[in-house]
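Q: This is the structure I want to talk about, given as C-alpha cells.
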Protein chains: 6
Amino acid sequence: MSKKLTVLCASAHPDDIELQCAGTLIRYVKEGHKVYMAIACTGNVGSKDHTGPEIEAIRAVEAQKGADVIGAELIMLGYKDADIWLDHPHWIKYVDLIRRTNPDVILTHDRDDYVHDHSNVGELVYRAAIWASVSNIPECKLAPIDHIPSVFYFETIGTTRVAPPDHYVDISQEFDQKMLAFRQHKSQHSDFLEKQFGVTDWFDALETTNKLRGFQCGCKYAEAFRVVQTWPNHKPYRLLPPVQFGSR
Amino acid sequence: MSKKLTVLCASAHPDDIELQCAGTLIRYVKEGHKVYMAIACTGNVGSKDHTGPEIEAIRAVEAQKGADVIGAELIMLGYKDADIWLDHPHWIKYVDLIRRTNPDVILTHDRDDYVHDHSNVGELVYRAAIWASVSNIPECKLAPIDHIPSVFYFETIGTTRVAPPDHYVDISQEFDQKMLAFRQHKSQHSDFLEKQFGVTDWFDALETTNKLRGFQCGCKYAEAFRVVQTWPNHKPYRLLPPVQFGSR
Amino acid sequence: MSKKLTVLCASAHPDDIELQCAGTLIRYVKEGHKVYMAIACTGNVGSKDHTGPEIEAIRAVEAQKGADVIGAELIMLGYKDADIWLDHPHWIKYVDLIRRTNPDVILTHDRDDYVHDHSNVGELVYRAAIWASVSNIPECKLAPIDHIPSVFYFETIGTTRVAPPDHYVDISQEFDQKMLAFRQHKSQHSDFLEKQFGVTDWFDALETTNKLRGFQCGCKYAEAFRVVQTWPNHKPYRLLPPVQFGSR
Amino acid sequence: MSKKLTVLCASAHPDDIELQCAGTLIRYVKEGHKVYMAIACTGNVGSKDHTGPEIEAIRAVEAQKGADVIGAELIMLGYKDADIWLDHPHWIKYVDLIRRTNPDVILTHDRDDYVHDHSNVGELVYRAAIWASVSNIPECKLAPIDHIPSVFYFETIGTTRVAPPDHYVDISQEFDQKMLAFRQHKSQHSDFLEKQFGVTDWFDALETTNKLRGFQCGCKYAEAFRVVQTWPNHKPYRLLPPVQFGSR
Amino acid sequence: MSKKLTVLCASAHPDDIELQCAGTLIRYVKEGHKVYMAIACTGNVGSKDHTGPEIEAIRAVEAQKGADVIGAELIMLGYKDADIWLDHPHWIKYVDLIRRTNPDVILTHDRDDYVHDHSNVGELVYRAAIWASVSNIPECKLAPIDHIPSVFYFETIGTTRVAPPDHYVDISQEFDQKMLAFRQHKSQHSDFLEKQFGVTDWFDALETTNKLRGFQCGCKYAEAFRVVQTWPNHKPYRLLPPVQFGSR
Amino acid sequence: MSKKLTVLCASAHPDDIELQCAGTLIRYVKEGHKVYMAIACTGNVGSKDHTGPEIEAIRAVEAQKGADVIGAELIMLGYKDADIWLDHPHWIKYVDLIRRTNPDVILTHDRDDYVHDHSNVGELVYRAAIWASVSNIPECKLAPIDHIPSVFYFETIGTTRVAPPDHYVDISQEFDQKMLAFRQHKSQHSDFLEKQFGVTDWFDALETTNKLRGFQCGCKYAEAFRVVQTWPNHKPYRLLPPVQFGSR
C-alpha cells in the first residue's frame with residue numbers, strides 16, 4: 001500500500017535513539033514516512049565536568065544535530081534525567097504528545113530496560129498510545145486522535161533481560177548514516193563513563209550490537225525490535241521497514 | 001465443605017466485569033455465595049457524544065443494572081478513568097475496601113492487562129489483599145480482617161501477553177445471563193470504539209472468547225483465570241466454581 | 001520485491017492444514033506463489049467404522065480435494081498415524097522432501113503441539129530445513145538446495161501451551177474458501193471424536209479460533225504463527241502474506 | 001458429583017511414586033477411587049552391592065509392599081533402568097497400559113525432570129493418553145477407551161527447572177502413611193547414593209519438600225502438581241483430591 | 001584476588017534479612033568483607049497488641065541485636081511499613097544510601113516478591129545502583145561513587161512466582177548463627193500471624209527453605225539468589241561467598 | 001581450594017568448540033586443569049568440493065591442531081554428521097565417555113541449539129552425566145565413576161532462542177589463542193556456506209559474539225554459559241574459570 005506513515009520514536013535521553021534505532025528511522029525517512037523524535041530528559045546528568053545547565057545546553061544542540069542527520073523532527077519534553085515516574089502528570093504529557101504527532105507507529109524503550117527513565121518512558125508511551133484516541137480526559141489539552149498506534153520496543157543496551165526479538169530491520173545501507181548521527185553526541189563519548197560501564201569505545205559497542213543482530217537475521221547490520229503483545233497492538237502486516245501498511 | 005464464601009470482584013470500569021467474568025460470578029451466586037462488584041472508575045471517557053458528567057451518570061445506572069442481573073452488590077469507588085496509579089492513597093482505599101467486604105476470594109484484572117487502569121487495579125487489589133489483615137496501618141479507617149483472601153486474575157481482552165490460564169470455569173448454563181448483564185451497558189455498544197479497536201460487535205467478541213475457552217477445557221462456554229503465584233495465595237483446594245472450600 | 005516464493009506446508013494428517021493455515025496458503029496462491037502441502041500420515045486411525053485401509057483410501061481423496069480448493073500441490077508421505085518419531089530415517093525423508101520442493105518458506109506444526117505426530121513432524125521439518133543445503137549426507141537421494149528455508153509454526157489446536165503468536169495473517173477474504181477446503185474432509189466431521197474431545201461442531205471451533213486471532217490483530221478472521229527463533233531462520237522482512245521478500 | 005475415578009500413576013522406578021505423590025494417591029484411595037501404580041523399570045541399577053537380577057528381585061518385593069501401604073494395584077512393565085526412549089514400541093506399551101487401566105486421571109513425571117527415564121515415561125504416558133481412545137492403531141492389543149484422561153505432572157526431585165506448581169494437594173493427614181510407604185524401599189536408603197547426590201537422609205529430603213509445599217499453600221504437608229497445558233487436557237473442575245469430578 | 005568487598009543488604013522490614021540471607025552475610029563477614037544492613041521500614045504494623053510507636057521501639061532494638069549477631073552495621077531508613085512506592089523521593093533516598101555505603105555488591109528483595117514494600121525496596125535499590133555513580137542529580141546530598149554495584153535478589157518467602165535461582169551459597173556452617181540472629185526478633189514469633197499465613201513455627205519454615213536449597217545444590221543448608229540480568233550488572237566472576245573478586 | 005579439575009567439553013562437530021568456548025578451555029588449561037575435547041561427528045558434510053571420506057580426513061587433522069592450540073586431549077567418537085539421535089546406543093557411548101574421562105565439569109551444546117546433532121549431543125551428555133556413577137548398566141564397558149559431573153551449556157550460534165546466560169567467563173587474554181585455534185579449521189572458512197547462512201567472515205562473527213558477551217559483563221571479550229537447572233547439578237561455588245572448587 002502506498003500510505004505514508006507517521007512514526008514517533010520516544011526515548012529518555014539525547015543519544016538513546018541514535019544508539020538503538022536510528023538506522024530504522026533513516027529507513028522510514030528514505031521510504032518517505034514522517035519521523036518524530038521525542039526526548040524526555042535534558043541529559044543534565046551526562047557530564048562530570050559541566051554543571052547541569054551547561055551540559056543541558058550542549059546536549060540540546062547535539063540532539064538537534066542528530067535528528068538532522070536522521071531527517072527527523074525533534075521534540076524535547078524538558079524533564080530532568082531520572083525524574084520520570086509512572087504517575088498521572090507524566091502520562092498526560094505523553095497522551096498529548098501522541099495527539100500532537102498523531103503517529104501510526106511508535107518505537108520506544110522496552111519496559112524491562114536496565115534503567116528506570118528508559119523503562120518508564122517506554123511504559124508511559126505505551127499506556128498513552130492506548131488512550132490517545134479516547135474522549136473526555138479532563139487534563140488533556142489536545143483533541144483525541146482517531147486510532148491506536150502500534151508500539152514496538154527497540155533494543156536494550158547489552159541486549160539482556162528481554163526475550164529474543166521478534167522483528168528485525170536490515171540497516172546495512174543506513175549504518176554509516178546512523179554512525180554519523182551517533183557521532184553528533186560528542187559530549188557523551190569521552191571516558192567519563194568508562195569505569196562504571198567498562199566501555200571505552202561506544203562506537204565499537206554500537207557496531208557490535210548491530211553486527212550481531214545482522215548475523216542473527218542474515219544481513220550485515222540490523223536493528224532488533226519486540227512488538228508489544230497486547231490488544232489491539234499487533235497487526236497482520238509489517239509496520240517496520242520495509243513498511244507494508246494494510247493487509248492487502 | 002458447606003461454608004459460604006464472600007467474593008470480591010474488582011475491576012476498573014463499568015462493563016469490565018460483565019465482559020470478563022460475569023458467568024463465574026453468576027455461578028457463585030447460584031451456589032449461594034455472596035458477591036461484591038467493586039468498580040474503580042466512573043467511566044467518564046466512555047463516550048464521544050456525551051460530556052464526562054453525562055456519561056458518568058448513564059454508566060452508573062448501567063452498572064447497577066448489570067450487577068442486578070448478576071445478583072451482586074455494587075460498590076462504586078468514584079475515580080476518574082485512567083487516573084489509577086500505584087501510590088499510597090489508592091492502595092489505602094483498596095485495603096479499606098477489602099476490610100469492608102471481607103472476602104475469601106478476589107477476582108481482578110491481570111497485572112499484565114493491556115491498559116493501565118486495568119492492570120493497576122489488579123496490582124492494587126492484590127497488594128491490599130496481603131495487608132488487609134495487618135494492624136496499625138495509620139491511614140486505614142476500618143479494622144483488620146482475620147485472613148488473607150486468595151486472588152485470581154480474570155481474562156485480559158484479546159487474551160494476549162499473559163501465560164496460559166491455570167483455572168477454568170464452565171459457564172455454559174450461565175452464558176445467556178452473562179450476555180444479558182453485558183447488554184445492560186448499552187452506552188458502550190455503539191460504534192464509537194470501532195475505528196480504534198477494529199471491533200464492531202462486542203457481543204460476538206465476548207462469545208468468541210468464551211467459546212474458545214470452552215473449547216480448551218471441554219465445554220461449550222468457559223471463563224479462564226490465573227491464580228496469583230505467591231505466598232500465601234495458592235490453596236490446596238478449589239475456590240472457583242464449583243467451589244470446594246477447605247481441603248477435607 | 002517481485003520474486004515469487006515456493007512455500008512448503010508440512011503437516012501430520014489430512015485436514016490439519018485445512019484447519020490451521022489454509023487461509024494463509026490461499027493468500028500465497030492468490031499472490032502468485034507456489035504452494036506444496038506435504039502430509040506425513042495416511043489418517044488410518046481416523047474412523048471408528050472403517051478399517052484402516054478403508055479410511056486411508058477415503059482420506060486420500062479428501063486430501064486431494066482439499067488441496068485443490070486451496071490451489072496447492074499435494075504430496076503424501078505414506079506414514080501410518082502416530083508412527084512419526086525423531087530418528088534418522090524419518091529425518092532423511094524430510095531432507096529429501098525439502099530438496100524436492102525447494103521451498104523459501106515452510107509452515108509446520110509447533111514442536112509443543114498436543115499430539116506427538118504433529119510435534120514430531122514440526123521438529124523433523126525444522127531439523128531438515130537446516131540441513132537440506134548440506135552436501136555429502138550419505139542416505140539422501142537428491143542434491144542439496146542452495147539456501148536454508150525459513151520455518152514458521154502454525155496454530156496448535158486449542159491454542160494452548162505455546163507463547164503468544166508473533167505473526168498474524170489476515171484471512172478475512174479467504175475465510176469462506178478455507179471453510180470450503182476444510183469441508184472436503186467429510187469423514188472427520190461426524191461425531192466419532194465428540195466424547196473424547198468434547199467437540200460437536202468442528203466448523204464452529206475453526207471459526208472461533210480464526211475470529212479470536214482476528215480480534216487480537218484487528219481484522220475479521222486471522223491465522224497466527226510463531227517464527228522459529230533460531231539462527232539463521234528469522235529474516236528482516238516479511239515472508240508471510242502479504243509477502244515482502246528481500247529487505248529492499 | 002459422586003462418580004468414582006480411576007487414577008493411573010506412572011513412574012520410572014520403584015520408589016519414585018512413594019517419594020513424589022504417594023500422599024495424593026492415599027487421599028484418592030480414602031475418597032474411594034481406584035488407583036493403579038505402573039512402574040516402568042525393574043530398578044536394576046539401584047545397588048552397588050547386588051547384581052542386577054538380585055536387586056530387581058528385592059525391589060519387586062519392595063514395590064509391592066509400597067503399593068500395599070498406599071492401597072493401590074501394582075503393575076510392573078519390566079523395562080531395564082535407563083532404557084526408556086521415545087520410540088514406537090515403548091509408546092504402544094503405554095497406549096495398551098492406558099487401555100487396560102482405563103483411567104480418568106494420570107499422574108506422571110514432568111517432561112523436564114532431571115533424568116531421562118523419568119522424563120521419557122512422562123512424555124510417553126502423556127502421548128499415549130491422547131491416543132488411547134483412537135481406533136485402528138495396528139500394533140495395539142486392546143480396544144480403545146472412550147475418553148482422553150487428564151494428565152498431571154508430579155514433583156521433580158529438588159523441584160528445579162520447572163515452572164511453579166499450579167495445583168496443590170494437602171497431605172497433612174496422609175503424611176505418616178506416605179512415609180511408611182516410602183520406608184518399604186529399604187534397599188534404596190543406605191548411603192550408596194550419598195557421594196553422587198549429597199543426600200544422606202532421604203526421609204528428611206522427602207519431609208523437607210512436602211513441608212515447603214505445605215508452607216506455600218497454607219497447610220502442614222502438601223504435594224505439588226502441574227497440569228499439562230494442552231488441548232483437551234485441562235478441565236473446568238478439580239480432579240486432584242479433594243476430587244470434584246464434573247462441573248456441576 | 002584479595003580485595004575486600006563492601007556489601008549492602010537492603011530489606012523492607014526488620015527480620016527480612018535474618019530470614020532470607022543472614023547466612024550469606026555471615027559468610028561475607030567471616031571472609032573479612034564489610035556488611036551493611038539497610039532496613040527501610042520501622043515495622044510499625046508488626047503487632048496486634050502494641051501500638052505502632054510501641055512496636056517500632058521494640059523492633060529497633062531487635063534489629064540492632066540481629067545485626068550484631070551477623071556482624072553487620074545497621075542503617076534504619078525510618079519509613080512506615082507499606083509506605084514504600086516507586087517515586088522520586090524514595091529513589092533519591094536510596095541513591096544517597098548507596099553513595100554513603102559505597103558497596104561493591106547489593107543483596108535485596110526480588111521485584112516479584114509477594115508484598116509491595118519488599119518488591120519496591122528491591123526495585124528502588126536496583127534503580128539507585130545504576131545511578132549512584134552519576135553526577136548532577138539535583139536532589140542528592142552526597143557525591144557520586146565511581147562504579148556501579150552488582151545487584152542480586154535474595155529468596156522470596158515461599159520461593160514462588162520467581163524463576164529458579166542462578167546462584168547458591170552454602171551456609172551449613174553458618175546456619176546456627178543465622179538462627180540466632182533470626183531469634184532476636186522475638187516480637188514476630190508469637191502466633192499473631194498464624195491465621196493469615198498458616199505458619200505456626202517460623203524457625204521451622206526458615207529451616208525447611210534452607211534445607212531445600214541445600215538439597216538442590218548438594219550441601220546441608222543453602223541460601224539462593226538470582227542475579228539481576230541487566231547491563232552492566234552481571235560479572236564474569238563470583239561476588240557471592242566464596243567471593244572471587246576480579247576475573248584473574 | 002587447590003583441587004585440579006577435569007573438564008570434558010563435548011561437541012557435535014570439529015570446530016564447534018573452537019567457535020563457542022575455546023577461550024574458557026584455554027583458561028582451564030592455564031589454571032592447571034585437565035581438559036578433554038570429545039567430538040561426536042567426523043564432519044563428513046563439511047564440504048561441497050570434497051567427498052565425505054576426503055573431508056573427514058582433512059577435518060581430523062584440523063581437529064587435532066585445534067586441540068593442540070587449546071592444550072586439550074582430543075577424543076573423536078566417529079559418528080557421521082547429523083546421525084546423532086536420542087536412543088540407547090548413543091547414550092551408552094556417552095556414559096562410557098564420561099566414565100573414561102571422569103570429569104568434574106562438562107561443557108556442551110544447549111538442548112535448544114539450532115541444529116539437531118548439536119542439541120542431541122547436549123542432551124545425551126547431560127543424560128549420561130546423571131547416570132555415569134550408577135552400577136549395573138548392562139551395556140557399559142567401564143566401571144562407574146563416584147560422582148555426578150556438573151553440566152553447563154555453552155553459547156548457541158547467533159545466541160538466539162535461549163534464555164540469557166547465567167555465567168560469563170572473561171577471555172580477553174585468551175582471545176588471540178582462541179582465534180588461532182579456530183583458524184586451524186581452514187576447510188570451513190571458504191565461502192561454501194555463505195549463501196545458506198549469509199556469513200562471509202566467520203572470524204568476524206566469532207569476534208562479534210565474544211565482544212557482545214564482554215560488553216554485557218564488563219570486559220573486552222567473554223564467553224557465556226547457562227548452568228543446567230536440575231538436581232543435583234548446580235553447585236554453591238564456581239566451576240567455570242576462575243575456578244573455585246568447593247564451598248570453603
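Just remember, in the C-alpha cells the first chain shown is A, the second B, etc., residues are 1-based per chain, and ligands are 1-based in the order shown.
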I need the chain C residues near chain B as JSON, numbers by chain; criterion: at most 7 Å, counting only C-alpha atoms.
A: {"C": [158, 160, 161, 164, 197, 198, 208, 209, 211, 212, 215, 216, 218, 219]}
Q: Output the selection as a PDB file, in the first residue's frame - N, CA and C atoms for each residue.
A:
```pdb
ATOM      1  N   GLY C 158      -6.635 -25.542  19.942  1.00  0.00           N
ATOM      2  CA  GLY C 158      -6.921 -25.042  21.282  1.00  0.00           C
ATOM      3  C   GLY C 158      -6.005 -23.899  21.667  1.00  0.00           C
ATOM      4  N   THR C 160      -3.240 -23.641  23.104  1.00  0.00           N
ATOM      5  CA  THR C 160      -2.606 -23.611  24.434  1.00  0.00           C
ATOM      6  C   THR C 160      -1.143 -24.088  24.429  1.00  0.00           C
ATOM      7  N   ARG C 161      -0.501 -23.958  25.557  1.00  0.00           N
ATOM      8  CA  ARG C 161       0.884 -24.346  25.884  1.00  0.00           C
ATOM      9  C   ARG C 161       1.949 -23.720  25.006  1.00  0.00           C
ATOM     10  N   PRO C 164       2.568 -16.508  22.989  1.00  0.00           N
ATOM     11  CA  PRO C 164       1.709 -15.775  22.054  1.00  0.00           C
ATOM     12  C   PRO C 164       2.313 -15.767  20.650  1.00  0.00           C
ATOM     13  N   PHE C 197     -13.050 -35.416  22.717  1.00  0.00           N
ATOM     14  CA  PHE C 197     -12.577 -34.039  22.641  1.00  0.00           C
ATOM     15  C   PHE C 197     -13.635 -33.019  23.058  1.00  0.00           C
ATOM     16  N   GLY C 198     -14.852 -33.494  23.240  1.00  0.00           N
ATOM     17  CA  GLY C 198     -15.898 -32.558  23.638  1.00  0.00           C
ATOM     18  C   GLY C 198     -16.277 -31.589  22.531  1.00  0.00           C
ATOM     19  N   THR C 208     -14.243 -20.024  15.497  1.00  0.00           N
ATOM     20  CA  THR C 208     -13.951 -19.358  16.767  1.00  0.00           C
ATOM     21  C   THR C 208     -12.477 -18.995  16.873  1.00  0.00           C
ATOM     22  N   THR C 209     -11.616 -19.928  16.523  1.00  0.00           N
ATOM     23  CA  THR C 209     -10.181 -19.664  16.592  1.00  0.00           C
ATOM     24  C   THR C 209      -9.775 -18.526  15.666  1.00  0.00           C
ATOM     25  N   LYS C 211     -11.623 -16.188  14.413  1.00  0.00           N
ATOM     26  CA  LYS C 211     -12.229 -14.938  14.879  1.00  0.00           C
ATOM     27  C   LYS C 211     -11.413 -14.344  16.022  1.00  0.00           C
ATOM     28  N   LEU C 212     -11.017 -15.186  16.980  1.00  0.00           N
ATOM     29  CA  LEU C 212     -10.230 -14.674  18.098  1.00  0.00           C
ATOM     30  C   LEU C 212      -8.908 -14.104  17.604  1.00  0.00           C
ATOM     31  N   PHE C 215      -9.637 -10.840  16.083  1.00  0.00           N
ATOM     32  CA  PHE C 215      -9.887  -9.863  17.148  1.00  0.00           C
ATOM     33  C   PHE C 215      -8.568  -9.352  17.727  1.00  0.00           C
ATOM     34  N   GLN C 216      -7.614 -10.279  17.918  1.00  0.00           N
ATOM     35  CA  GLN C 216      -6.324  -9.879  18.504  1.00  0.00           C
ATOM     36  C   GLN C 216      -5.554  -8.905  17.615  1.00  0.00           C
ATOM     37  N   GLY C 218      -6.944  -7.088  14.906  1.00  0.00           N
ATOM     38  CA  GLY C 218      -7.723  -6.022  14.281  1.00  0.00           C
ATOM     39  C   GLY C 218      -8.323  -6.318  12.920  1.00  0.00           C
ATOM     40  N   CYS C 219      -8.693  -7.560  12.660  1.00  0.00           N
ATOM     41  CA  CYS C 219      -9.418  -7.832  11.422  1.00  0.00           C
ATOM     42  C   CYS C 219     -10.485  -8.890  11.720  1.00  0.00           C
TER      43      CYS C 219
END
```
Q: Atom CA of Leu5 of chain D to atom CA of Val45 of chain C: how many Å, to one decimal?
A: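 One can read the atom CA of Leu5 of chain D to atom CA of Val45 of chain C distance as 27.4 Å.
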Q: Please provide the set of residues having any atom within 12 Å of Thr101 of chain A, restricted to only C-alpha atoms, with same-chain residues fewer than 3 positions apart removed, written as a PyMOL selection string.
A: chain A and resi 5-10+34-38+73-75+94-98+104-106+129+132+142-145+149
Q: May I have the residues within 12 Å of His33 of chain E as a count of residues only, using only C-alpha atoms and disregarding those fewer than 4 positions away in the same chain?
A: 26
Q: Segment 175-185 of chain E: which residues within 9 Å, counting only C-alpha atoms, same-chain residues fewer than 4 positions away excluded, as a ChimeraX atom specification?
A: /E:14-19,21-24,26,59,61-70,171,189,203,206-207,210,221-222
Q: Using N, CA and C atoms, can you write the selected residues to a file as a CSV table (one decimal), in the first residue's frame?
A:
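Below is the file out22.csv, written as the result:
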```csv
chain,number,residue,atom,x,y,z
E,14,PRO,N,12.5,-5.0,59.5
E,14,PRO,CA,13.4,-5.7,60.5
E,14,PRO,C,13.0,-7.2,60.4
E,15,ASP,N,13.9,-8.1,60.4
E,15,ASP,CA,13.8,-9.5,60.3
E,15,ASP,C,13.8,-10.1,58.9
E,16,ASP,N,13.5,-9.3,57.9
E,16,ASP,CA,13.6,-9.9,56.5
E,16,ASP,C,14.9,-10.5,56.2
E,17,ILE,N,16.0,-9.7,56.5
E,17,ILE,CA,17.3,-10.1,56.2
E,17,ILE,C,17.7,-11.4,57.0
E,18,GLU,N,17.3,-11.4,58.2
E,18,GLU,CA,17.6,-12.6,59.0
E,18,GLU,C,17.0,-13.8,58.4
E,19,LEU,N,15.8,-13.7,57.9
E,19,LEU,CA,15.0,-14.8,57.3
E,19,LEU,C,15.7,-15.2,56.0
E,21,CYS,N,18.7,-14.0,54.1
E,21,CYS,CA,20.1,-14.2,53.6
E,21,CYS,C,21.2,-13.9,54.7
E,22,ALA,N,20.8,-14.1,55.9
E,22,ALA,CA,21.7,-13.8,57.0
E,22,ALA,C,22.9,-14.7,56.9
E,23,GLY,N,22.7,-16.0,56.5
E,23,GLY,CA,23.8,-16.9,56.4
E,23,GLY,C,24.9,-16.4,55.4
E,24,THR,N,24.4,-15.9,54.3
E,24,THR,CA,25.4,-15.3,53.4
E,24,THR,C,26.1,-14.1,53.9
E,26,ILE,N,26.8,-13.5,57.0
E,26,ILE,CA,27.8,-14.1,58.0
E,26,ILE,C,29.0,-14.6,57.3
E,59,ARG,N,11.1,-3.1,67.9
E,59,ARG,CA,11.8,-3.7,66.7
E,59,ARG,C,13.1,-3.1,66.4
E,61,VAL,N,15.3,-2.2,68.6
E,61,VAL,CA,16.2,-3.0,69.4
E,61,VAL,C,16.5,-4.3,68.9
E,62,GLU,N,15.5,-5.0,68.5
E,62,GLU,CA,15.6,-6.4,67.9
E,62,GLU,C,16.5,-6.3,66.6
E,63,ALA,N,16.3,-5.3,65.8
E,63,ALA,CA,17.1,-5.1,64.6
E,63,ALA,C,18.5,-5.0,64.9
E,64,GLN,N,18.8,-4.2,65.9
E,64,GLN,CA,20.2,-4.0,66.3
E,64,GLN,C,20.9,-5.3,66.8
E,65,LYS,N,20.1,-6.0,67.6
E,65,LYS,CA,20.6,-7.3,68.1
E,65,LYS,C,20.9,-8.3,66.9
E,66,GLY,N,20.0,-8.3,66.0
E,66,GLY,CA,20.2,-9.2,64.8
E,66,GLY,C,21.4,-8.8,64.0
E,67,ALA,N,21.6,-7.5,63.8
E,67,ALA,CA,22.8,-7.1,63.1
E,67,ALA,C,24.0,-7.4,63.8
E,68,ASP,N,24.0,-7.3,65.2
E,68,ASP,CA,25.1,-7.6,66.0
E,68,ASP,C,25.5,-9.1,65.8
E,69,VAL,N,24.5,-10.0,65.9
E,69,VAL,CA,24.8,-11.4,65.7
E,69,VAL,C,25.5,-11.6,64.3
E,70,ILE,N,25.0,-10.9,63.3
E,70,ILE,CA,25.5,-11.1,62.0
E,70,ILE,C,26.9,-10.5,61.8
E,171,ILE,N,25.5,-22.4,53.4
E,171,ILE,CA,25.5,-21.8,54.7
E,171,ILE,C,25.5,-22.8,55.9
E,189,HIS,N,7.6,-13.7,66.6
E,189,HIS,CA,7.5,-15.1,66.6
E,189,HIS,C,6.3,-15.7,67.5
E,203,PHE,N,10.7,-20.8,62.7
E,203,PHE,CA,12.0,-21.4,62.7
E,203,PHE,C,12.0,-22.6,61.8
E,206,LEU,N,11.9,-21.4,58.1
E,206,LEU,CA,13.2,-21.0,57.7
E,206,LEU,C,14.1,-22.2,57.4
E,207,GLU,N,14.1,-23.1,58.4
E,207,GLU,CA,15.0,-24.3,58.2
E,207,GLU,C,14.6,-25.1,57.0
E,210,ASN,N,16.0,-23.4,53.8
E,210,ASN,CA,17.4,-23.5,53.6
E,210,ASN,C,17.8,-25.0,53.4
E,221,TYR,N,22.7,-26.9,54.2
E,221,TYR,CA,21.8,-25.7,54.2
E,221,TYR,C,22.4,-24.7,53.2
E,222,ALA,N,21.5,-24.1,52.4
E,222,ALA,CA,22.0,-23.1,51.5
E,222,ALA,C,21.0,-21.9,51.4
```
Q: Considering only C-alpha atoms, return as number ranges by chain whatever protein or nucleic-acid residues lie within 10 Å of Ser47 of chain D, sequence-local ones (same chain, fewer than 6 positions apart) excluded.
A: D: 54-56, 187-188, 190, 192-193; F: 134-136
Q: Take the residues from that selection and write them out as a PDB file, in the first residue's frame, keeping C-alpha atoms.
A:
```
ATOM      1  CA  GLU D  54      19.401 -59.687  42.638  1.00  0.00           C
ATOM      2  CA  ILE D  55      18.368 -56.100  43.148  1.00  0.00           C
ATOM      3  CA  GLU D  56      15.488 -56.484  40.683  1.00  0.00           C
ATOM      4  CA  SER D 187      17.333 -51.200  49.603  1.00  0.00           C
ATOM      5  CA  GLN D 188      17.487 -47.568  48.489  1.00  0.00           C
ATOM      6  CA  SER D 190      21.628 -46.886  52.549  1.00  0.00           C
ATOM      7  CA  PHE D 192      25.229 -45.820  48.251  1.00  0.00           C
ATOM      8  CA  LEU D 193      23.995 -42.646  46.536  1.00  0.00           C
TER       9      LEU D 193
ATOM     10  CA  VAL F 134      25.372 -45.798  38.549  1.00  0.00           C
ATOM     11  CA  SER F 135      26.127 -49.520  38.776  1.00  0.00           C
ATOM     12  CA  ASN F 136      24.734 -52.414  36.784  1.00  0.00           C
TER      13      ASN F 136
END
```
Q: Could you find all residues in segment 59-130 of chain F that DSSP calls helix (DSSP H, G or I) from the backbone, and write them as a count of residues only?
A: 41
Q: Among segment 21-224 of chain A, which ones does DSSP assign to strand (DSSP E) (computed from the backbone)? Answer as a PyMOL selection string.
A: chain A and resi 34-41+73-79+105-108+150-154+167-170+222-224
Q: Go through D:His13, D:Arg238, D:His167, D:His88 one by one, measure the shortest atom-to-atom distance of each to His116 of chain D using only C-alpha atoms, and give the residue with the smallest value.
A: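 Using only C-alpha atoms, the shortest distance to His116 of chain D belongs to D:His13.
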Q: How many Å separate atom CA of Asp191 of chain E from atom CA of Phe225 of chain E?
A: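 If I compute the distance from atom CA of Asp191 of chain E to atom CA of Phe225 of chain E, I get 29.1 Å.
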Q: Please list as a list of chain:residue names every residue within 10 Å of Asp166 of chain B, counting only C-alpha atoms and excluding residues in the same chain fewer than 2 positions away.
A: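 Returned residues: B:Phe152, B:Ala163, B:Pro164, B:Tyr168, B:Ala224, B:Phe225, B:Arg226, B:Val227, D:Pro165, D:Asp166, D:His167, D:Arg226, D:Val227, D:Val228, D:Gln229, D:His234, D:Lys235, D:Pro236.
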Q: One decimal, Å: what's the distance from atom CA of Asp201 of chain B over to atom CA of Gly46 of chain B, could you say?
A: 16.4 Å
